[in-house]
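Asks: One file is attached below, data16.txt, containing compact mmCIF, C-alpha atoms.
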```
# COMPACT_ATOMS: atom_id res chain seq x y z
CA MET A 1 0.00 0.00 0.00
CA SER A 2 1.39 3.37 -1.02
CA THR A 3 1.76 6.19 1.50
CA ASN A 4 1.70 8.73 -1.33
CA THR A 5 -1.89 10.01 -1.46
CA SER A 6 -2.80 12.03 -4.53
CA VAL A 7 -4.85 15.16 -4.19
CA ALA A 8 -7.46 13.80 -6.59
CA GLY A 9 -7.68 10.60 -4.57
CA THR A 10 -8.65 12.49 -1.43
CA GLY A 11 -11.46 14.41 -3.09
CA THR A 12 -9.59 17.68 -2.56
CA ALA A 13 -9.52 18.52 -6.27
CA SER A 14 -13.29 18.28 -6.66
CA ASN A 15 -13.82 20.13 -3.37
CA ALA A 16 -11.56 22.93 -4.63
CA SER A 17 -13.48 23.17 -7.91
CA GLY A 18 -16.76 23.31 -6.03
CA ALA A 19 -15.41 26.03 -3.73
CA ILE A 20 -14.09 28.01 -6.70
CA LEU A 21 -17.51 27.73 -8.36
CA ALA A 22 -19.23 28.95 -5.19
CA GLY A 23 -16.79 31.86 -4.98
CA ARG A 24 -17.37 32.75 -8.64
CA VAL A 25 -21.14 32.72 -8.16
CA LEU A 26 -20.98 34.91 -5.06
CA LEU A 27 -18.53 37.40 -6.59
CA SER A 28 -20.48 37.60 -9.83
CA ILE A 29 -23.88 38.31 -8.25
CA LEU A 30 -22.76 41.70 -6.97
CA PHE A 31 -21.31 42.77 -10.32
CA ILE A 32 -24.19 41.47 -12.45
CA LEU A 33 -26.76 43.24 -10.28
CA SER A 34 -24.73 46.44 -9.97
CA GLY A 35 -24.04 46.58 -13.70
CA PHE A 36 -27.69 45.96 -14.51
CA ALA A 37 -28.77 48.69 -12.08
CA LYS A 38 -26.36 51.18 -13.67
CA LEU A 39 -27.58 50.35 -17.18
CA ALA A 40 -31.24 50.47 -16.14
CA ALA A 41 -30.78 53.95 -14.63
CA ILE A 42 -28.07 55.51 -16.76
CA SER A 43 -29.18 59.11 -16.16
CA ALA A 44 -29.23 58.69 -12.36
CA THR A 45 -25.87 56.93 -12.43
CA ALA A 46 -24.43 59.64 -14.70
CA GLN A 47 -25.78 62.31 -12.37
CA TRP A 48 -24.06 60.67 -9.38
CA PHE A 49 -20.83 60.21 -11.37
CA GLY A 50 -20.95 63.87 -12.39
CA GLY A 51 -21.52 64.83 -8.77
CA ILE A 52 -18.28 63.17 -7.70
CA GLY A 53 -16.40 64.91 -10.52
CA LEU A 54 -16.02 62.19 -13.14
CA PRO A 55 -15.59 63.56 -16.66
CA LEU A 56 -18.06 62.32 -19.28
CA PRO A 57 -20.38 60.90 -16.62
CA THR A 58 -22.80 59.29 -19.09
CA VAL A 59 -19.97 57.49 -20.89
CA ALA A 60 -18.57 56.44 -17.49
CA ALA A 61 -22.01 55.17 -16.41
CA ILE A 62 -22.47 53.11 -19.57
CA GLY A 63 -18.88 51.83 -19.56
CA SER A 64 -18.88 50.82 -15.91
CA GLY A 65 -22.34 49.28 -16.21
CA LEU A 66 -21.30 47.18 -19.19
CA LEU A 67 -18.02 46.14 -17.56
CA GLU A 68 -19.72 45.13 -14.33
CA PHE A 69 -22.59 43.30 -16.02
CA PHE A 70 -20.64 41.38 -18.65
CA GLY A 71 -17.60 40.95 -16.41
CA GLY A 72 -19.89 39.49 -13.76
CA LEU A 73 -21.44 37.12 -16.30
CA ALA A 74 -17.98 36.02 -17.47
CA ILE A 75 -16.94 35.26 -13.88
CA LEU A 76 -20.22 33.42 -13.28
CA VAL A 77 -19.75 31.02 -16.19
CA GLY A 78 -15.96 30.92 -15.93
CA PHE A 79 -15.11 32.45 -19.30
CA GLN A 80 -11.65 34.05 -19.66
CA THR A 81 -11.68 34.07 -15.88
CA ARG A 82 -8.07 35.01 -15.20
CA ILE A 83 -8.17 38.02 -17.53
CA VAL A 84 -11.62 39.19 -16.41
CA ALA A 85 -10.64 38.79 -12.74
CA ILE A 86 -7.59 41.02 -13.26
CA VAL A 87 -9.67 43.63 -15.10
CA LEU A 88 -12.35 43.61 -12.38
CA ALA A 89 -9.73 43.79 -9.62
CA ILE A 90 -8.20 46.89 -11.24
CA PHE A 91 -11.66 48.37 -11.90
CA THR A 92 -12.70 47.77 -8.28
CA LEU A 93 -9.54 49.42 -6.92
CA ALA A 94 -10.03 52.38 -9.29
CA ALA A 95 -13.69 52.75 -8.25
CA THR A 96 -12.59 52.62 -4.63
CA ALA A 97 -9.98 55.33 -5.16
CA ILE A 98 -12.46 57.54 -7.03
CA ALA A 99 -15.58 57.16 -4.93
CA HIS A 100 -14.95 55.46 -1.60
CA LEU A 101 -12.15 57.25 0.23
CA ASN A 102 -14.23 59.62 2.34
CA PHE A 103 -12.99 58.40 5.71
CA SER A 104 -15.52 60.55 7.59
CA ASP A 105 -18.48 58.74 5.97
CA GLN A 106 -19.24 55.36 7.58
CA ILE A 107 -21.02 54.09 4.44
CA GLN A 108 -18.03 54.94 2.26
CA MET A 109 -15.75 53.14 4.71
CA LEU A 110 -17.94 50.03 4.41
CA MET A 111 -17.80 50.30 0.62
CA LEU A 112 -14.00 50.60 0.80
CA GLU A 113 -13.78 47.47 2.97
CA LYS A 114 -16.19 45.55 0.70
CA ASN A 115 -14.20 46.54 -2.37
CA LEU A 116 -10.91 45.46 -0.83
CA GLY A 117 -12.45 42.05 -0.09
CA LEU A 118 -13.81 41.79 -3.64
CA THR A 119 -10.39 42.68 -5.03
CA GLY A 120 -8.87 39.91 -2.93
CA GLY A 121 -11.38 37.45 -4.36
CA PHE A 122 -10.56 38.53 -7.90
CA ILE A 123 -6.83 38.19 -7.26
CA LEU A 124 -7.43 34.63 -6.05
CA LEU A 125 -9.45 33.86 -9.19
CA ALA A 126 -6.72 35.35 -11.37
CA VAL A 127 -4.18 33.04 -9.73
CA MET A 128 -6.29 29.89 -9.32
CA GLY A 129 -8.39 30.09 -12.49
CA ALA A 130 -12.04 29.18 -12.85
CA GLY A 131 -11.84 25.56 -11.69
CA ALA A 132 -13.26 22.47 -13.33
CA TYR A 133 -16.84 23.74 -13.49
CA SER A 134 -16.30 26.47 -16.05
CA ILE A 135 -16.20 27.30 -19.74
CA ASP A 136 -12.44 27.80 -19.37
CA ALA A 137 -12.00 24.18 -18.24
CA LYS A 138 -14.20 22.86 -21.06
CA ARG A 139 -12.17 24.81 -23.63
CA GLY A 140 -8.88 23.45 -22.27
```
Would you mind writing the structure in this file as structure tokens?
Replies:
Amino acid sequence: MSTNTSVAGTGTASNASGAILAGRVLLSILFILSGFAKLAAISATAQWFGGIGLPLPTVAAIGSGLLEFFGGLAILVGFQTRIVAIVLAIFTLAATAIAHLNFSDQIQMLMLEKNLGLTGGFILLAVMGAGAYSIDAKRG
């Protein structure tokens, strides 16, 4: 009997893929819903973006809404996961720097903390990949 136990033999590989899938689903929900909300209310989003000093607020509203929505969908199904995770990590850090650094506002501090956690999740996805339950794995 061999003392060398393979990772696949212990069930760890399938557990990891299941955990990665759960993480992808949970990360993607926020971005899909946020992107949809921005696109469904472009004028309100643009007004808020203009209020915080973003140039071309309507373009920024449409661009961020599309990135969040389709980026979230890509993470959900595991398509081009490493690339999309890097893009969303950078986007999330940029959004944090632009809109969530008012340290005197408790809500903005919560948004900053949430965004740092999301960025950490995206960095993990960029390193680990989408796992076995993904389009990326099916494509090889």
Asks: Need to verify the contact set: Ala46 of chain A, 7 Å, only C-alpha atoms, exclusion of same-chain residues closer than 3 positions in sequence. Can you return it as a list in words?
Replies: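 Residues near the query, excluding close chain neighbours: Ile42, Ser43, Phe49, Gly50, Pro57, Thr58 and Ala61 of chain A.
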Asks: Neighbouring residues of Phe31 of chain A were defined as those with any atom within 6 Å, considering all atoms listed in the file; residues of the same chain fewer than 6 positions away were excluded. Please report them as a PyMOL selection string.
Replies: chain A and resi 68-69+72
Asks: Enter the distance from atom CA of Gly18 of chain A to atom CA of Tyr133 of chain A, in Å, rounded to one decimal.
Replies: 7.5 Å
Asks: Can you tell me how far atom CA of Phe36 of chain A sits from atom CA of Gly131 of chain A, in Å to one decimal?
Replies: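 Computed distance, atom CA of Phe36 of chain A to atom CA of Gly131 of chain A, equals 26.0 Å.
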Asks: When you look at segment 74-87 of chain A with a cut-off of 6 Å (counting only C-alpha atoms), what residues show up, excluding the ones that are within fewer than 3 positions of it in the same chain? I need them as a PyMOL selection string.
Replies: chain A and resi 24-25+28+71+90+122+126+129-130+134-136
Asks: Quick one: pull the distance between atom CA of Ile98 of chain A and atom CA of Leu112 of chain A, Å, one decimal.
Replies: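 About the pair atom CA of Ile98 of chain A and atom CA of Leu112 of chain A: they are 10.6 Å apart.
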Asks: Pick the closest to His100 of chain A from A:Leu30, A:Val59, A:Leu116, A:Leu67: which is it, counting all atoms listed in the file?
Replies: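 So, comparing all the options, the nearest one is A:Leu116.
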Asks: Could you give me segment 50-63 of chain A completed to N, CA, C and O atoms, formatted as a compact mmCIF listing (two decimals), in the coordinates of the input?
Replies:
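Generated file (result_3.txt):
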```txt
# COMPACT_ATOMS: atom_id res chain seq x y z
N GLY A 50 -21.26 62.46 -12.19
CA GLY A 50 -20.95 63.87 -12.39
C GLY A 50 -20.77 64.59 -11.06
O GLY A 50 -19.90 65.46 -10.92
N GLY A 51 -21.59 64.22 -10.09
CA GLY A 51 -21.52 64.83 -8.77
C GLY A 51 -20.22 64.56 -8.03
O GLY A 51 -19.81 65.36 -7.18
N ILE A 52 -19.56 63.44 -8.35
CA ILE A 52 -18.28 63.17 -7.70
C ILE A 52 -17.10 63.62 -8.58
O ILE A 52 -15.95 63.36 -8.26
N GLY A 53 -17.44 64.29 -9.71
CA GLY A 53 -16.40 64.91 -10.52
C GLY A 53 -15.85 64.08 -11.66
O GLY A 53 -14.84 64.45 -12.25
N LEU A 54 -16.51 62.98 -12.00
CA LEU A 54 -16.02 62.19 -13.14
C LEU A 54 -16.30 62.92 -14.45
O LEU A 54 -17.40 63.42 -14.65
N PRO A 55 -15.33 62.98 -15.34
CA PRO A 55 -15.59 63.56 -16.66
C PRO A 55 -16.45 62.59 -17.49
O PRO A 55 -16.44 61.38 -17.24
N LEU A 56 -17.19 63.13 -18.42
CA LEU A 56 -18.06 62.32 -19.28
C LEU A 56 -18.88 61.32 -18.46
O LEU A 56 -18.77 60.10 -18.65
N PRO A 57 -19.70 61.80 -17.54
CA PRO A 57 -20.38 60.90 -16.62
C PRO A 57 -21.31 59.89 -17.30
O PRO A 57 -21.44 58.76 -16.82
N THR A 58 -21.93 60.25 -18.41
CA THR A 58 -22.80 59.29 -19.09
C THR A 58 -21.98 58.17 -19.71
O THR A 58 -22.34 56.99 -19.61
N VAL A 59 -20.87 58.51 -20.32
CA VAL A 59 -19.97 57.49 -20.89
C VAL A 59 -19.44 56.60 -19.76
O VAL A 59 -19.38 55.37 -19.91
N ALA A 60 -19.07 57.21 -18.64
CA ALA A 60 -18.57 56.44 -17.49
C ALA A 60 -19.66 55.52 -16.95
O ALA A 60 -19.37 54.37 -16.57
N ALA A 61 -20.90 55.99 -16.91
CA ALA A 61 -22.01 55.17 -16.41
C ALA A 61 -22.24 53.97 -17.32
O ALA A 61 -22.38 52.83 -16.84
N ILE A 62 -22.26 54.21 -18.62
CA ILE A 62 -22.47 53.11 -19.57
C ILE A 62 -21.29 52.14 -19.53
O ILE A 62 -21.48 50.92 -19.46
N GLY A 63 -20.08 52.68 -19.57
CA GLY A 63 -18.88 51.83 -19.56
C GLY A 63 -18.78 50.98 -18.30
O GLY A 63 -18.52 49.77 -18.37
```
